[in-house]
$ cat entry_5.txt   # compact mmCIF, C-alpha atoms
# COMPACT_ATOMS: atom_id res chain seq x y z
CA MET L 1 16.21 4.64 -6.99
CA PRO L 2 12.63 3.39 -6.51
CA PRO L 3 9.86 5.85 -7.36
CA GLY L 4 8.82 8.11 -4.55
CA MET L 5 11.88 7.26 -2.49
CA PRO L 6 14.34 9.95 -1.45
CA ASN L 7 17.75 10.41 -3.02
CA ASP L 8 21.12 10.16 -1.31
CA ALA L 9 21.31 13.94 -0.82
CA LEU L 10 18.14 13.96 1.29
CA SER L 11 19.36 11.01 3.36
CA ALA L 12 22.72 12.67 3.98
CA ARG L 13 21.11 15.98 4.92
CA VAL L 14 18.75 14.40 7.44
CA THR L 15 21.56 12.31 8.94
CA GLN L 16 23.77 15.35 9.43
CA GLN L 17 20.99 17.45 10.94
CA PHE L 18 19.94 14.71 13.36
CA ALA L 19 23.54 14.05 14.43
CA ALA L 20 24.09 17.77 15.09
CA TRP L 21 20.91 17.95 17.18
CA ALA L 22 21.78 14.84 19.18
CA ALA L 23 25.25 16.21 19.98
CA ARG L 24 24.02 19.51 21.39
CA SER L 25 20.55 18.79 22.78
CA PRO L 26 19.97 17.65 26.39
CA GLU L 27 16.77 16.00 25.15
CA PHE L 28 18.82 13.23 23.55
CA ALA L 29 20.64 12.49 26.81
CA ILE L 30 17.40 12.54 28.80
CA ARG L 31 15.72 10.03 26.52
CA TYR L 32 18.78 7.80 26.33
CA ALA L 33 19.00 7.71 30.13
CA ARG L 34 15.30 6.79 30.27
CA TYR L 35 15.91 4.01 27.77
CA LEU L 36 18.77 2.55 29.83
CA ARG L 37 16.64 2.80 32.97
CA ASP L 38 13.81 0.86 31.35
CA LEU L 39 16.18 -1.82 30.07
CA SER L 40 17.69 -2.23 33.56
CA ALA L 41 14.23 -2.55 35.08
CA LEU L 42 13.35 -5.18 32.48
CA TRP L 43 16.48 -7.21 33.28
CA ILE L 44 15.65 -7.12 36.99
CA ALA L 45 12.06 -8.20 36.32
CA THR L 46 13.20 -11.03 34.02
CA LEU L 47 15.71 -12.34 36.56
CA ALA L 48 13.05 -12.23 39.28
CA ARG L 49 10.69 -14.21 37.04
CA GLU L 50 13.37 -16.79 36.30
CA ARG L 51 13.87 -17.29 40.04
CA GLY L 52 10.20 -18.00 40.54
CA GLY L 53 9.04 -14.52 41.40
CA SER L 54 6.16 -12.67 39.84
CA SER L 55 6.01 -9.17 38.45
CA SER L 56 3.90 -7.20 36.04
CA PRO L 57 5.47 -6.71 32.61
CA LEU L 58 6.89 -3.28 31.92
CA VAL L 59 5.27 -3.43 28.47
CA PRO L 60 1.96 -5.34 28.75
CA PRO L 61 0.86 -7.41 25.74
CA ASP L 62 -1.19 -5.48 23.20
CA ALA L 63 -3.92 -7.53 21.56
CA ARG L 64 -3.79 -5.23 18.54
CA ASP L 65 -0.15 -6.12 17.81
CA ARG L 66 -0.49 -9.25 15.71
CA ARG L 67 3.26 -9.85 15.71
CA PHE L 68 3.17 -10.96 19.33
CA ALA L 69 -0.35 -12.36 19.51
CA SER L 70 0.77 -15.92 20.27
CA ALA L 71 0.75 -16.96 23.95
CA ALA L 72 4.30 -18.26 23.47
CA TRP L 73 5.60 -14.68 23.59
CA THR L 74 4.44 -14.21 27.18
CA SER L 75 4.54 -17.76 28.56
CA SER L 76 8.33 -17.87 28.22
CA ALA L 77 10.49 -15.46 30.20
CA TYR L 78 13.06 -15.46 27.40
CA PHE L 79 10.68 -14.57 24.58
CA ASP L 80 8.79 -12.12 26.78
CA HIS L 81 12.09 -10.38 27.46
CA LEU L 82 12.79 -10.19 23.72
CA ARG L 83 9.33 -8.76 23.10
CA GLN L 84 9.55 -6.13 25.81
CA SER L 85 13.12 -5.06 25.08
CA TYR L 86 12.24 -4.62 21.41
CA LEU L 87 9.18 -2.50 22.23
CA ILE L 88 11.17 -0.41 24.74
CA GLY L 89 13.75 0.26 22.03
CA SER L 90 11.02 1.09 19.51
CA THR L 91 9.55 3.64 21.89
CA PHE L 92 12.97 5.16 22.49
CA LEU L 93 13.64 5.65 18.78
CA GLY L 94 10.18 7.06 18.18
CA ASP L 95 10.64 9.54 21.05
CA LEU L 96 13.96 10.66 19.56
CA VAL L 97 12.34 11.42 16.22
CA ASP L 98 9.52 13.35 17.90
CA ALA L 99 11.99 15.41 19.94
CA ALA L 100 14.45 16.10 17.11
CA GLU L 101 14.63 19.72 16.00
CA LEU L 102 14.28 19.20 12.27
CA GLY L 103 12.23 20.70 9.49
CA GLU L 104 8.83 19.16 8.81
CA HIS L 105 10.00 17.49 5.59
CA GLU L 106 13.17 16.11 7.18
CA LYS L 107 11.36 14.88 10.28
CA GLY L 108 8.74 13.14 8.16
CA TYR L 109 11.47 11.36 6.22
CA LEU L 110 13.32 10.40 9.41
CA ARG L 111 10.11 9.06 10.95
CA PHE L 112 9.56 6.87 7.87
CA VAL L 113 13.12 5.52 7.90
CA VAL L 114 13.07 4.80 11.63
CA ARG L 115 9.75 3.01 11.31
CA GLN L 116 11.10 0.87 8.49
CA PHE L 117 14.11 -0.07 10.64
CA VAL L 118 12.04 -0.73 13.75
CA ASP L 119 9.52 -2.87 11.88
CA ALA L 120 12.25 -4.86 10.14
CA MET L 121 14.09 -5.60 13.39
CA ALA L 122 11.09 -7.09 15.22
CA PRO L 123 12.09 -10.43 16.80
CA SER L 124 9.05 -11.96 15.15
CA ASN L 125 10.79 -11.57 11.77
CA PHE L 126 13.67 -13.94 12.59
CA ALA L 127 13.48 -17.70 12.92
CA ALA L 128 15.77 -17.87 15.96
CA THR L 129 13.73 -15.34 17.94
CA ASN L 130 10.19 -16.30 16.97
CA PRO L 131 8.79 -19.04 19.24
CA ASP L 132 6.03 -19.97 16.79
CA VAL L 133 8.56 -20.51 13.99
CA LEU L 134 10.78 -22.65 16.23
CA GLN L 135 7.85 -24.72 17.43
CA ALA L 136 6.65 -25.31 13.86
CA ALA L 137 10.13 -26.28 12.72
CA VAL L 138 10.61 -28.78 15.55
CA GLY L 139 7.12 -30.20 15.13
CA SER L 140 7.63 -30.75 11.40
CA SER L 141 11.23 -31.99 11.67
CA GLY L 142 12.38 -28.98 9.69
CA GLU L 143 9.89 -29.34 6.83
CA THR L 144 8.44 -25.86 7.43
CA LEU L 145 11.88 -24.30 6.99
CA GLN L 146 12.44 -26.29 3.80
CA ARG L 147 9.10 -25.19 2.37
CA GLY L 148 9.88 -21.63 3.42
CA LEU L 149 13.15 -21.70 1.51
CA GLU L 150 11.33 -23.00 -1.55
CA ASN L 151 8.79 -20.18 -1.22
CA LEU L 152 11.59 -17.64 -0.89
CA LEU L 153 13.39 -18.88 -4.01
CA ALA L 154 10.13 -18.84 -5.98
CA ASP L 155 9.48 -15.24 -4.94
CA VAL L 156 13.03 -14.23 -5.83
CA ARG L 157 12.40 -15.53 -9.33
CA ARG L 158 9.05 -13.72 -9.38
CA GLY L 159 10.63 -10.48 -8.16
CA ARG L 160 8.14 -9.81 -5.37
CA ILE L 161 6.69 -11.18 -2.15
CA SER L 162 3.63 -13.36 -2.63
CA ILE L 163 0.77 -11.89 -0.63
CA VAL L 164 -2.11 -13.85 -2.12
CA ASP L 165 -2.81 -17.28 -3.58
CA GLU L 166 -2.82 -16.25 -7.23
CA ALA L 167 -3.88 -19.71 -8.41
CA ALA L 168 -7.23 -19.23 -6.67
CA PHE L 169 -8.42 -16.53 -9.09
CA GLU L 170 -8.93 -16.18 -12.82
CA VAL L 171 -10.47 -13.24 -14.61
CA GLY L 172 -13.70 -14.37 -16.24
CA ARG L 173 -14.00 -17.44 -14.02
CA ASN L 174 -14.40 -16.06 -10.50
CA LEU L 175 -13.34 -12.44 -10.99
CA ALA L 176 -14.88 -9.86 -13.32
CA THR L 177 -17.71 -12.22 -14.26
CA THR L 178 -20.39 -9.57 -14.82
CA ALA L 179 -21.60 -9.85 -18.42
CA GLY L 180 -20.45 -7.05 -20.68
CA ALA L 181 -18.70 -6.21 -23.93
CA VAL L 182 -16.00 -3.86 -25.15
CA VAL L 183 -17.66 -1.23 -27.33
CA TYR L 184 -14.58 0.88 -28.08
CA GLU L 185 -10.82 0.82 -27.68
CA ASN L 186 -7.84 3.01 -28.47
CA GLY L 187 -4.20 3.13 -27.42
CA VAL L 188 -5.08 4.21 -23.89
CA MET L 189 -8.19 2.34 -22.83
CA GLN L 190 -11.13 0.11 -23.63
CA LEU L 191 -14.72 1.11 -22.86
CA ILE L 192 -16.85 -1.70 -21.44
CA GLN L 193 -20.64 -1.66 -21.57
CA TYR L 194 -22.26 -4.03 -19.06
CA GLN L 195 -25.43 -5.95 -19.80
CA PRO L 196 -28.46 -4.68 -17.83
CA ILE L 197 -30.03 -7.11 -15.36
CA THR L 198 -33.23 -5.21 -14.51
CA PRO L 199 -36.36 -4.81 -16.64
CA LYS L 200 -36.02 -1.04 -16.57
CA ILE L 201 -32.94 1.16 -16.37
CA HIS L 202 -32.40 4.76 -15.35
CA ALA L 203 -32.29 7.39 -18.06
CA ARG L 204 -28.77 8.47 -17.15
CA PRO L 205 -26.03 5.84 -17.47
CA LEU L 206 -23.18 5.51 -14.99
CA LEU L 207 -19.56 5.76 -16.19
CA MET L 208 -16.90 4.36 -13.83
CA VAL L 209 -13.27 5.46 -14.06
CA PRO L 210 -10.88 3.27 -12.03
CA PRO L 211 -7.22 4.14 -11.35
CA CYS L 212 -4.94 3.73 -14.35
CA ILE L 213 -2.36 1.88 -12.24
CA ASN L 214 -4.76 -0.97 -11.45
CA LYS L 215 -7.21 -3.29 -13.17
CA PHE L 216 -10.80 -2.25 -13.78
CA TYR L 217 -12.18 -5.23 -11.87
CA VAL L 218 -11.48 -3.65 -8.49
CA LEU L 219 -15.08 -2.52 -9.04
CA ASP L 220 -16.17 -5.95 -10.31
CA LEU L 221 -14.50 -8.56 -8.12
CA GLN L 222 -16.64 -11.55 -7.18
CA PRO L 223 -20.45 -11.47 -7.49
CA SER L 224 -20.83 -10.99 -3.74
CA ASN L 225 -18.68 -7.83 -3.65
CA SER L 226 -18.98 -6.42 -7.16
CA PHE L 227 -19.94 -2.75 -7.23
CA VAL L 228 -20.72 -3.08 -10.93
CA ARG L 229 -23.24 -5.84 -10.23
CA HIS L 230 -24.73 -3.80 -7.39
CA ALA L 231 -25.18 -0.76 -9.66
CA LEU L 232 -26.76 -2.92 -12.35
CA GLY L 233 -29.11 -4.35 -9.76
CA GLU L 234 -30.19 -0.82 -8.88
CA GLY L 235 -31.17 -0.21 -12.48
CA HIS L 236 -28.13 1.70 -13.73
CA ALA L 237 -26.71 1.27 -17.21
CA VAL L 238 -23.03 0.83 -16.39
CA PHE L 239 -20.00 1.70 -18.52
CA MET L 240 -16.39 1.20 -17.41
CA VAL L 241 -13.05 2.61 -18.54
CA SER L 242 -10.47 -0.19 -18.60
CA TRP L 243 -6.96 1.22 -18.89
CA ARG L 244 -4.46 -0.48 -21.16
CA ASN L 245 -1.25 -1.87 -19.72
CA PRO L 246 1.33 0.47 -21.29
CA THR L 247 4.22 -0.84 -23.34
CA MET L 248 7.27 1.05 -24.58
CA ASP L 249 5.11 2.30 -27.45
CA GLN L 250 3.04 4.24 -24.88
CA SER L 251 5.99 5.32 -22.74
CA ARG L 252 5.74 8.93 -23.88
CA LEU L 253 2.05 9.37 -23.09
CA ARG L 254 1.29 12.25 -20.75
CA TRP L 255 -1.42 13.11 -18.24
CA ASP L 256 -3.21 15.07 -20.98
CA ASP L 257 -3.37 11.95 -23.15
CA TYR L 258 -5.10 9.97 -20.43
CA ILE L 259 -7.60 12.77 -19.94
CA ALA L 260 -8.29 13.32 -23.64
CA ASP L 261 -8.20 9.74 -24.96
CA GLY L 262 -9.37 8.12 -21.74
CA VAL L 263 -11.79 10.11 -19.61
CA LEU L 264 -13.16 12.58 -22.15
CA LYS L 265 -13.48 9.90 -24.81
CA GLY L 266 -15.24 7.70 -22.27
CA ILE L 267 -17.76 10.44 -21.45
CA GLU L 268 -18.38 11.14 -25.13
CA LEU L 269 -18.90 7.48 -26.02
CA THR L 270 -21.08 6.73 -22.99
CA CYS L 271 -23.43 9.48 -24.14
CA GLU L 272 -23.27 8.30 -27.74
CA VAL L 273 -23.83 4.58 -27.06
CA SER L 274 -26.56 5.11 -24.47
CA GLY L 275 -28.28 7.96 -26.32
CA ALA L 276 -28.31 10.03 -23.12
CA GLU L 277 -27.47 13.72 -23.07
CA ARG L 278 -26.17 13.60 -19.50
CA ILE L 279 -24.51 10.86 -17.49
CA ASN L 280 -23.46 10.10 -13.92
CA ALA L 281 -19.73 9.57 -13.34
CA LEU L 282 -17.80 7.76 -10.61
CA GLY L 283 -14.05 7.94 -10.10
CA PHE L 284 -11.96 5.72 -7.85
CA CYS L 285 -8.51 6.74 -6.54
CA VAL L 286 -6.41 8.30 -9.32
CA GLY L 287 -9.31 7.61 -11.66
CA GLY L 288 -11.23 10.20 -9.66
CA THR L 289 -8.33 12.63 -9.97
CA LEU L 290 -8.32 12.14 -13.75
CA LEU L 291 -12.08 12.53 -13.89
CA THR L 292 -12.18 15.79 -11.94
CA SER L 293 -9.22 17.11 -13.94
CA ALA L 294 -11.06 16.39 -17.18
CA LEU L 295 -14.23 18.13 -16.01
CA SER L 296 -12.24 21.10 -14.72
CA VAL L 297 -10.45 21.50 -18.04
CA LEU L 298 -13.73 21.43 -19.95
CA ALA L 299 -15.34 23.92 -17.59
CA ALA L 300 -12.35 26.27 -17.79
CA ARG L 301 -12.50 26.15 -21.58
CA GLY L 302 -16.21 26.89 -21.53
CA VAL L 303 -16.94 23.67 -23.39
CA ARG L 304 -20.61 22.83 -23.15
CA SER L 305 -19.97 19.09 -22.93
CA ALA L 306 -18.63 19.66 -19.41
CA LYS L 307 -22.29 19.71 -18.40
CA ALA L 308 -22.75 16.22 -19.84
CA VAL L 309 -21.82 14.90 -16.40
CA ALA L 310 -24.83 15.47 -14.19
CA SER L 311 -23.33 14.04 -10.99
CA LEU L 312 -19.84 13.16 -9.79
CA THR L 313 -19.03 10.53 -7.16
CA LEU L 314 -15.47 10.11 -5.88
CA LEU L 315 -14.10 7.15 -3.93
CA ALA L 316 -10.73 7.41 -2.12
CA THR L 317 -9.72 10.28 -4.40
CA LEU L 318 -7.06 12.85 -3.57
CA LEU L 319 -7.62 16.27 -5.13
CA ASP L 320 -5.42 18.56 -3.04
CA PHE L 321 -1.87 17.20 -3.18
CA GLU L 322 -0.39 19.90 -0.98
CA ASP L 323 -0.61 17.48 1.95
CA ALA L 324 0.07 14.08 0.42
CA GLY L 325 0.56 12.31 3.74
CA GLU L 326 3.59 10.19 4.56
CA ILE L 327 4.61 9.63 0.96
CA GLY L 328 5.02 13.39 0.58
CA HIS L 329 7.90 13.28 3.04
CA LEU L 330 9.79 10.83 0.83
CA VAL L 331 9.92 13.11 -2.18
CA ASP L 332 12.03 16.19 -2.78
CA GLU L 333 12.94 18.25 -5.84
CA ALA L 334 16.04 16.19 -6.61
CA SER L 335 14.24 12.83 -6.51
CA VAL L 336 11.38 14.16 -8.65
CA ALA L 337 13.84 15.59 -11.18
CA ALA L 338 15.69 12.28 -11.39
CA ARG L 339 12.48 10.34 -11.92
CA GLU L 340 11.18 12.78 -14.54
CA THR L 341 14.48 12.55 -16.39
CA ALA L 342 14.25 8.76 -16.48
CA LEU L 343 10.63 8.77 -17.61
CA GLY L 344 11.30 11.58 -20.06
CA GLU L 345 13.79 9.37 -21.84
CA GLY L 346 11.09 6.86 -22.59
CA GLY L 347 11.06 4.85 -19.37
CA LEU L 348 8.10 3.07 -17.85
CA LEU L 349 7.33 2.74 -14.17
CA SER L 350 7.09 -0.99 -13.50
CA GLY L 351 4.33 -2.46 -11.38
CA ILE L 352 6.89 -4.22 -9.18
CA GLU L 353 8.67 -0.93 -8.53
CA LEU L 354 5.46 0.88 -7.70
CA GLY L 355 4.30 -2.00 -5.51
CA MET L 356 7.49 -1.71 -3.47
CA VAL L 357 6.60 1.81 -2.43
CA PHE L 358 3.00 1.00 -1.52
CA SER L 359 4.12 -2.02 0.50
CA ALA L 360 6.74 0.04 2.33
CA LEU L 361 4.07 2.49 3.44
CA ARG L 362 2.27 -0.39 5.18
CA ASP L 363 5.10 -2.81 5.79
CA ASN L 364 3.56 -4.45 8.87
CA ASP L 365 0.53 -5.33 6.75
CA LEU L 366 2.04 -6.02 3.33
CA ILE L 367 5.62 -7.20 3.93
CA TRP L 368 6.56 -8.72 7.27
CA PRO L 369 3.49 -10.90 7.92
CA TYR L 370 4.15 -12.63 4.61
CA VAL L 371 7.88 -12.96 5.27
CA VAL L 372 7.05 -14.77 8.50
CA GLU L 373 4.22 -16.92 7.17
CA ASN L 374 5.73 -17.75 3.76
CA TYR L 375 9.45 -18.01 4.45
CA LEU L 376 9.80 -18.79 8.16
CA LYS L 377 6.73 -20.98 8.67
CA GLY L 378 6.59 -22.45 5.17
CA GLY L 379 2.96 -21.53 4.61
CA ARG L 380 1.21 -20.07 1.62
CA PRO L 381 -0.85 -16.87 1.48
CA ALA L 382 -4.60 -17.20 1.55
CA PRO L 383 -6.83 -16.36 -1.42
CA PHE L 384 -7.93 -12.70 -1.17
CA ASP L 385 -9.53 -11.09 -4.20
CA ILE L 386 -8.62 -7.48 -3.38
CA LEU L 387 -4.94 -8.34 -2.94
CA TYR L 388 -4.99 -10.37 -6.14
CA TRP L 389 -6.35 -7.29 -7.93
$ encode --input "entry_5.txt" --output "structure tokens"
Amino acid sequence: MPPGMPNDALSARVTQQFAAWAARSPEFAIRYARYLRDLSALWIATLARERGGSSSPLVPPDARDRRFASAAWTSSAYFDHLRQSYLIGSTFLGDLVDAAELGEHEKGYLRFVVRQFVDAMAPSNFAATNPDVLQAAVGSSGETLQRGLENLLADVRRGRISIVDEAAFEVGRNLATTAGAVVYENGVMQLIQYQPITPKIHARPLLMVPPCINKFYVLDLQPSNSFVRHALGEGHAVFMVSWRNPTMDQSRLRWDDYIADGVLKGIELTCEVSGAERINALGFCVGGTLLTSALSVLAARGVRSAKAVASLTLLATLLDFEDAGEIGHLVDEASVAARETALGEGGLLSGIELGMVFSALRDNDLIWPYVVENYLKGGRPAPFDILYW
């Protein structure tokens, strides 16, 4: 069971509740009749077009939908029919979910599952129903399909979909090139001190805490988009927590360990190395959650060093997890208990497993475009530093 994904009990419960609603509610029949009506109208319009007539599409092209951006989807009556019938069906399923009388948690889960199904079944995702794929295959005498199969087999061996040209980047060559040195390390993290680039620096240094599930260089990508370099250019003395990739030896570490040996140690050492009594701190994503947790613990304990942080900046940080968004609908007590049991026995959450969940939340950005481009068209993903990170 992937992390964050519901268990079989939740799936069965939602299925039973939806089936019971559909059997008794007139809303289901009303929407199904509307769906059949729209399909019939589409067939009539398609036949009229094939006979030389003209009619406005029931579902006009949407420039924002990149799946059907090619003119081939509308220039052909056949492919335009596929496009419109798919979108009519998508609307029908979405309307059913909205109308279903389910609890908020169950409806959120059902909406996620239906969206996954709808996105996966887009005609753009299949070679036989994607005009661009067919045109490329014919134009290359099948070479695009051969290259696509090779790409697919390579990704199967890799265990994930390639979304970026990984050969285009190398840490220290064109990523994370800002000069600095590791001034401390323990079993949880390394502390990096960056070399100043201005004649004068501010009295208070800046400590950055990135998320522990990613690499530190999200804040130091290429020179043109490095936040570290920008901060140095503004005269800040910059320190960075770089989290260690955990091995089985660290599999029993807890949240408290990352706060104590990571964030609090980073604050202490930034003050010590810089000679400053107070520092500025910046947290990104879960790094911000760790940072605020650490400061809250110190303040609650009445520890004076809590005041060592003069200012706190948070980027994309969630503090109130009561409303966790869509991912909150995929988790229930049983799935959390199962995951905690597995981790409690010394397990580690793999990056591939975690990446699956994040990709599923944005499948039309992080899954299907690459399936089409890499496997159906035989292309390769472009170099993109953020995705490489």
$ residues_around --input "entry_5.txt" --residues "segment 236-246 of chain L" --least-positions-apart "3" --cutoff "9 Å" --atoms "all atoms listed in the file" --output "PDB file with C-alpha atoms, in the frame of the given file"
ATOM      1  CA  ASN L 186      -7.840   3.010 -28.470  1.00  0.00           C
ATOM      2  CA  GLY L 187      -4.200   3.130 -27.420  1.00  0.00           C
ATOM      3  CA  VAL L 188      -5.080   4.210 -23.890  1.00  0.00           C
ATOM      4  CA  MET L 189      -8.190   2.340 -22.830  1.00  0.00           C
ATOM      5  CA  GLN L 190     -11.130   0.110 -23.630  1.00  0.00           C
ATOM      6  CA  LEU L 191     -14.720   1.110 -22.860  1.00  0.00           C
ATOM      7  CA  ILE L 192     -16.850  -1.700 -21.440  1.00  0.00           C
ATOM      8  CA  GLN L 193     -20.640  -1.660 -21.570  1.00  0.00           C
ATOM      9  CA  TYR L 194     -22.260  -4.030 -19.060  1.00  0.00           C
ATOM     10  CA  GLN L 195     -25.430  -5.950 -19.800  1.00  0.00           C
ATOM     11  CA  PRO L 196     -28.460  -4.680 -17.830  1.00  0.00           C
ATOM     12  CA  THR L 198     -33.230  -5.210 -14.510  1.00  0.00           C
ATOM     13  CA  LYS L 200     -36.020  -1.040 -16.570  1.00  0.00           C
ATOM     14  CA  ILE L 201     -32.940   1.160 -16.370  1.00  0.00           C
ATOM     15  CA  HIS L 202     -32.400   4.760 -15.350  1.00  0.00           C
ATOM     16  CA  ALA L 203     -32.290   7.390 -18.060  1.00  0.00           C
ATOM     17  CA  ARG L 204     -28.770   8.470 -17.150  1.00  0.00           C
ATOM     18  CA  PRO L 205     -26.030   5.840 -17.470  1.00  0.00           C
ATOM     19  CA  LEU L 206     -23.180   5.510 -14.990  1.00  0.00           C
ATOM     20  CA  LEU L 207     -19.560   5.760 -16.190  1.00  0.00           C
ATOM     21  CA  MET L 208     -16.900   4.360 -13.830  1.00  0.00           C
ATOM     22  CA  VAL L 209     -13.270   5.460 -14.060  1.00  0.00           C
ATOM     23  CA  PRO L 210     -10.880   3.270 -12.030  1.00  0.00           C
ATOM     24  CA  PRO L 211      -7.220   4.140 -11.350  1.00  0.00           C
ATOM     25  CA  CYS L 212      -4.940   3.730 -14.350  1.00  0.00           C
ATOM     26  CA  ILE L 213      -2.360   1.880 -12.240  1.00  0.00           C
ATOM     27  CA  ASN L 214      -4.760  -0.970 -11.450  1.00  0.00           C
ATOM     28  CA  LYS L 215      -7.210  -3.290 -13.170  1.00  0.00           C
ATOM     29  CA  PHE L 216     -10.800  -2.250 -13.780  1.00  0.00           C
ATOM     30  CA  TYR L 217     -12.180  -5.230 -11.870  1.00  0.00           C
ATOM     31  CA  VAL L 228     -20.720  -3.080 -10.930  1.00  0.00           C
ATOM     32  CA  ALA L 231     -25.180  -0.760  -9.660  1.00  0.00           C
ATOM     33  CA  LEU L 232     -26.760  -2.920 -12.350  1.00  0.00           C
ATOM     34  CA  GLY L 233     -29.110  -4.350  -9.760  1.00  0.00           C
ATOM     35  CA  ASP L 249       5.110   2.300 -27.450  1.00  0.00           C
ATOM     36  CA  GLN L 250       3.040   4.240 -24.880  1.00  0.00           C
ATOM     37  CA  SER L 251       5.990   5.320 -22.740  1.00  0.00           C
ATOM     38  CA  GLY L 262      -9.370   8.120 -21.740  1.00  0.00           C
ATOM     39  CA  VAL L 263     -11.790  10.110 -19.610  1.00  0.00           C
ATOM     40  CA  GLY L 266     -15.240   7.700 -22.270  1.00  0.00           C
ATOM     41  CA  THR L 270     -21.080   6.730 -22.990  1.00  0.00           C
ATOM     42  CA  SER L 274     -26.560   5.110 -24.470  1.00  0.00           C
ATOM     43  CA  LEU L 348       8.100   3.070 -17.850  1.00  0.00           C
TER      44      LEU L 348
END
$ closest_residue --input "entry_5.txt" --among "L:Gln222, L:Lys265, L:Pro61, L:Arg278" --to "Glu170 of chain L" --atoms "only C-alpha atoms"
L:Gln222
$ residues_around --input "entry_5.txt" --residues "Asn374 of chain L" --least-positions-apart "6" --cutoff "10 Å" --atoms "only C-alpha atoms" --output "mmCIF file with C-alpha atoms, in the coordinates of the input"
data_model
loop_
_atom_site.group_PDB
_atom_site.id
_atom_site.type_symbol
_atom_site.label_atom_id
_atom_site.label_comp_id
_atom_site.auth_asym_id
_atom_site.auth_seq_id
_atom_site.Cartn_x
_atom_site.Cartn_y
_atom_site.Cartn_z
ATOM 1 C CA THR L 144 8.440 -25.860 7.430
ATOM 2 C CA LEU L 145 11.880 -24.300 6.990
ATOM 3 C CA ARG L 147 9.100 -25.190 2.370
ATOM 4 C CA GLY L 148 9.880 -21.630 3.420
ATOM 5 C CA LEU L 149 13.150 -21.700 1.510
ATOM 6 C CA GLU L 150 11.330 -23.000 -1.550
ATOM 7 C CA ASN L 151 8.790 -20.180 -1.220
ATOM 8 C CA LEU L 152 11.590 -17.640 -0.890
ATOM 9 C CA ASP L 155 9.480 -15.240 -4.940
ATOM 10 C CA ILE L 161 6.690 -11.180 -2.150
ATOM 11 C CA SER L 162 3.630 -13.360 -2.630
ATOM 12 C CA ILE L 163 0.770 -11.890 -0.630
ATOM 13 C CA TRP L 368 6.560 -8.720 7.270
ATOM 14 C CA ARG L 380 1.210 -20.070 1.620
ATOM 15 C CA PRO L 381 -0.850 -16.870 1.480
#
$ closest_residue --input "entry_5.txt" --among "L:Ala310, L:Leu349, L:Ile386, L:Ala334" --to "Leu219 of chain L" --atoms "all atoms listed in the file"
L:Ile386
$ closest_residue --input "entry_5.txt" --among "L:Thr289, L:Phe92, L:Ala9, L:Arg51" --to "Leu36 of chain L" --atoms "all atoms listed in the file"
L:Phe92
$ closest_atom_pairs --input "entry_5.txt" --of "segment 81-199 of chain L" --to "segment 10-20 of chain L" --cutoff "12 Å" --atoms "only C-alpha atoms" --output "JSON lines"
{"residue": "L:Leu96", "atom": "CA", "partner": "L:Phe18", "partner_atom": "CA", "distance": 9.5}
{"residue": "L:Val97", "atom": "CA", "partner": "L:Phe18", "partner_atom": "CA", "distance": 8.8}
{"residue": "L:Asp98", "atom": "CA", "partner": "L:Phe18", "partner_atom": "CA", "distance": 11.4}
{"residue": "L:Ala99", "atom": "CA", "partner": "L:Phe18", "partner_atom": "CA", "distance": 10.3}
{"residue": "L:Ala100", "atom": "CA", "partner": "L:Phe18", "partner_atom": "CA", "distance": 6.8}
{"residue": "L:Glu101", "atom": "CA", "partner": "L:Phe18", "partner_atom": "CA", "distance": 7.8}
{"residue": "L:Leu102", "atom": "CA", "partner": "L:Gln17", "partner_atom": "CA", "distance": 7.1}
{"residue": "L:Gly103", "atom": "CA", "partner": "L:Val14", "partner_atom": "CA", "distance": 9.3}
{"residue": "L:Glu104", "atom": "CA", "partner": "L:Val14", "partner_atom": "CA", "distance": 11.1}
{"residue": "L:His105", "atom": "CA", "partner": "L:Val14", "partner_atom": "CA", "distance": 9.5}
{"residue": "L:Glu106", "atom": "CA", "partner": "L:Val14", "partner_atom": "CA", "distance": 5.8}
{"residue": "L:Lys107", "atom": "CA", "partner": "L:Val14", "partner_atom": "CA", "distance": 7.9}
{"residue": "L:Gly108", "atom": "CA", "partner": "L:Val14", "partner_atom": "CA", "distance": 10.1}
{"residue": "L:Tyr109", "atom": "CA", "partner": "L:Val14", "partner_atom": "CA", "distance": 8.0}
{"residue": "L:Leu110", "atom": "CA", "partner": "L:Val14", "partner_atom": "CA", "distance": 7.0}
{"residue": "L:Arg111", "atom": "CA", "partner": "L:Val14", "partner_atom": "CA", "distance": 10.7}
{"residue": "L:Phe112", "atom": "CA", "partner": "L:Ser11", "partner_atom": "CA", "distance": 11.6}
{"residue": "L:Val113", "atom": "CA", "partner": "L:Ser11", "partner_atom": "CA", "distance": 9.5}
{"residue": "L:Val114", "atom": "CA", "partner": "L:Thr15", "partner_atom": "CA", "distance": 11.6}
$ residues_around --input "entry_5.txt" --residues "Gly288 of chain L" --least-positions-apart "3" --cutoff "8 Å" --atoms "all atoms listed in the file" --output "list of chain:residue names"
L:Val209, L:Pro210, L:Pro211, L:Leu282, L:Gly283, L:Phe284, L:Cys285, L:Leu291, L:Thr292, L:Leu314, L:Leu315, L:Thr317, L:Leu318
